[in-house]
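**Q** Below is the structure I would like to discuss, written out as structure tokens.
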Amino acid sequence: MTINGDTLVFDHDEAEKIINAGLGYISGSGIVELLNSVKVALVNTEITHTDEILDIIKSARECFRLMHYTNLEWAEKQIKKTGWNFTYITEENGQPTVRVAIASVARMKRSASIPLSSAHPTH
């Protein structure tokens, strides 16, 4: 662990990288402080729609900015370097479908759909 200003930064590889968000699975990459705040909120919230995940991420970013208001330039760089991806099953055209979503500064929406029949081909 290191100290960056008045922020304790954990630089370890012992954290749970993938968590069950109720609706599906989520993983992230970037600054641990921001990743952990999202993880804690997800674990303590009953997620019923992917928009709730995006709202938690947006809220965590705002809290991160407020906590680092004395160095907003640094905070914005960390936010830009931190992102999440999550998977969940939904229905599309009457078929169960796995969706893969990316939540980053550049993209905050669904990025791909994979019909379950093509994800698990039968022989």
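Chain labels A, B, ... are given in the sequence in which chains occur in the structure tokens; within each chain residues are numbered consecutively from 1, and ligands are likewise numbered from 1 in the order shown.
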Excluding Thr82 in chain A and any residue of its chain fewer than 3 positions from it, enumerate the residues within 6 Å of it, using only C-alpha atoms, and give them as a PDB file with N, CA, C and O atoms, in the first residue's frame.
**A**
```
ATOM      1  N   SER A  29     -11.427  -2.471 -13.432  1.00  0.00           N
ATOM      2  CA  SER A  29      -9.998  -2.215 -13.504  1.00  0.00           C
ATOM      3  C   SER A  29      -9.774  -0.733 -13.265  1.00  0.00           C
ATOM      4  O   SER A  29     -10.536   0.097 -13.767  1.00  0.00           O
ATOM      5  N   GLY A  30      -8.759  -0.399 -12.480  1.00  0.00           N
ATOM      6  CA  GLY A  30      -8.464   1.002 -12.229  1.00  0.00           C
ATOM      7  C   GLY A  30      -8.080   1.231 -10.781  1.00  0.00           C
ATOM      8  O   GLY A  30      -7.531   0.345 -10.125  1.00  0.00           O
ATOM      9  N   ILE A  79     -10.433   8.623 -12.597  1.00  0.00           N
ATOM     10  CA  ILE A  79     -11.758   8.229 -13.081  1.00  0.00           C
ATOM     11  C   ILE A  79     -11.674   7.759 -14.528  1.00  0.00           C
ATOM     12  O   ILE A  79     -12.277   6.750 -14.898  1.00  0.00           O
TER      13      ILE A  79
END
```
**Q** At a cut-off of 12 Å, using only C-alpha atoms, what residues contact Leu72 in chain A? Leave out same-chain residues fewer than 6 positions from it and give the result as a ChimeraX atom specification.
**A** /A:61-66,78-79
**Q** With N, CA, C and O atoms retained, write the just-selected residues as a PDB file, in the first residue's frame.
**A**
```pdb
ATOM      1  N   ARG A  61     -18.374   7.991  -8.665  1.00  0.00           N
ATOM      2  CA  ARG A  61     -17.469   8.962  -9.300  1.00  0.00           C
ATOM      3  C   ARG A  61     -17.619  10.344  -8.672  1.00  0.00           C
ATOM      4  O   ARG A  61     -16.626  11.033  -8.431  1.00  0.00           O
ATOM      5  N   GLU A  62     -18.868  10.753  -8.445  1.00  0.00           N
ATOM      6  CA  GLU A  62     -19.098  12.065  -7.832  1.00  0.00           C
ATOM      7  C   GLU A  62     -18.522  12.118  -6.422  1.00  0.00           C
ATOM      8  O   GLU A  62     -17.902  13.110  -6.047  1.00  0.00           O
ATOM      9  N   CYS A  63     -18.709  11.069  -5.652  1.00  0.00           N
ATOM     10  CA  CYS A  63     -18.142  11.012  -4.292  1.00  0.00           C
ATOM     11  C   CYS A  63     -16.620  11.065  -4.356  1.00  0.00           C
ATOM     12  O   CYS A  63     -15.982  11.741  -3.542  1.00  0.00           O
ATOM     13  N   PHE A  64     -16.042  10.361  -5.317  1.00  0.00           N
ATOM     14  CA  PHE A  64     -14.590  10.353  -5.495  1.00  0.00           C
ATOM     15  C   PHE A  64     -14.086  11.765  -5.796  1.00  0.00           C
ATOM     16  O   PHE A  64     -13.096  12.219  -5.234  1.00  0.00           O
ATOM     17  N   ARG A  65     -14.797  12.481  -6.672  1.00  0.00           N
ATOM     18  CA  ARG A  65     -14.425  13.873  -6.975  1.00  0.00           C
ATOM     19  C   ARG A  65     -14.493  14.739  -5.719  1.00  0.00           C
ATOM     20  O   ARG A  65     -13.602  15.549  -5.478  1.00  0.00           O
ATOM     21  N   LEU A  66     -15.562  14.583  -4.944  1.00  0.00           N
ATOM     22  CA  LEU A  66     -15.720  15.379  -3.731  1.00  0.00           C
ATOM     23  C   LEU A  66     -14.628  15.071  -2.712  1.00  0.00           C
ATOM     24  O   LEU A  66     -14.115  15.973  -2.047  1.00  0.00           O
ATOM     25  N   GLN A  78      -7.822   9.589 -12.613  1.00  0.00           N
ATOM     26  CA  GLN A  78      -8.111   8.270 -12.038  1.00  0.00           C
ATOM     27  C   GLN A  78      -9.461   7.747 -12.523  1.00  0.00           C
ATOM     28  O   GLN A  78      -9.608   6.564 -12.826  1.00  0.00           O
ATOM     29  N   ILE A  79     -10.433   8.623 -12.597  1.00  0.00           N
ATOM     30  CA  ILE A  79     -11.758   8.229 -13.081  1.00  0.00           C
ATOM     31  C   ILE A  79     -11.674   7.759 -14.528  1.00  0.00           C
ATOM     32  O   ILE A  79     -12.277   6.750 -14.898  1.00  0.00           O
TER      33      ILE A  79
END
```
**Q** Could you pull the residues within 9 Å of range 39-49 of chain A, counting only C-alpha atoms, minus those fewer than 5 positions along the same chain, as a PyMOL selection string?
**A** chain A and resi 19-23+26-27+34+56+60
**Q** Using Å and a single decimal, report how far CA of Thr97 in chain A sits from CA of Leu35 in chain A.
**A**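 Between these atoms lies a distance of 26.9 Å.
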**Q** From a DSSP pass on the backbone, collect the residues of range 45-113 of chain A flagged as helix (DSSP H, G or I) and hand them back as a VMD selection string.
**A** chain A and resid 50 to 67 69 to 80
**Q** CA of Ile57 in chain A to CA of Asn36 in chain A: how many Å, to one decimal?
**A**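 Those two atoms sit 10.7 Å apart.
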**Q** Based on the backbone DSSP call, show me all residues of range 44-112 of chain A assigned strand (DSSP E), as a ChimeraX atom specification.
**A** /A:83-92,95-103,108-112
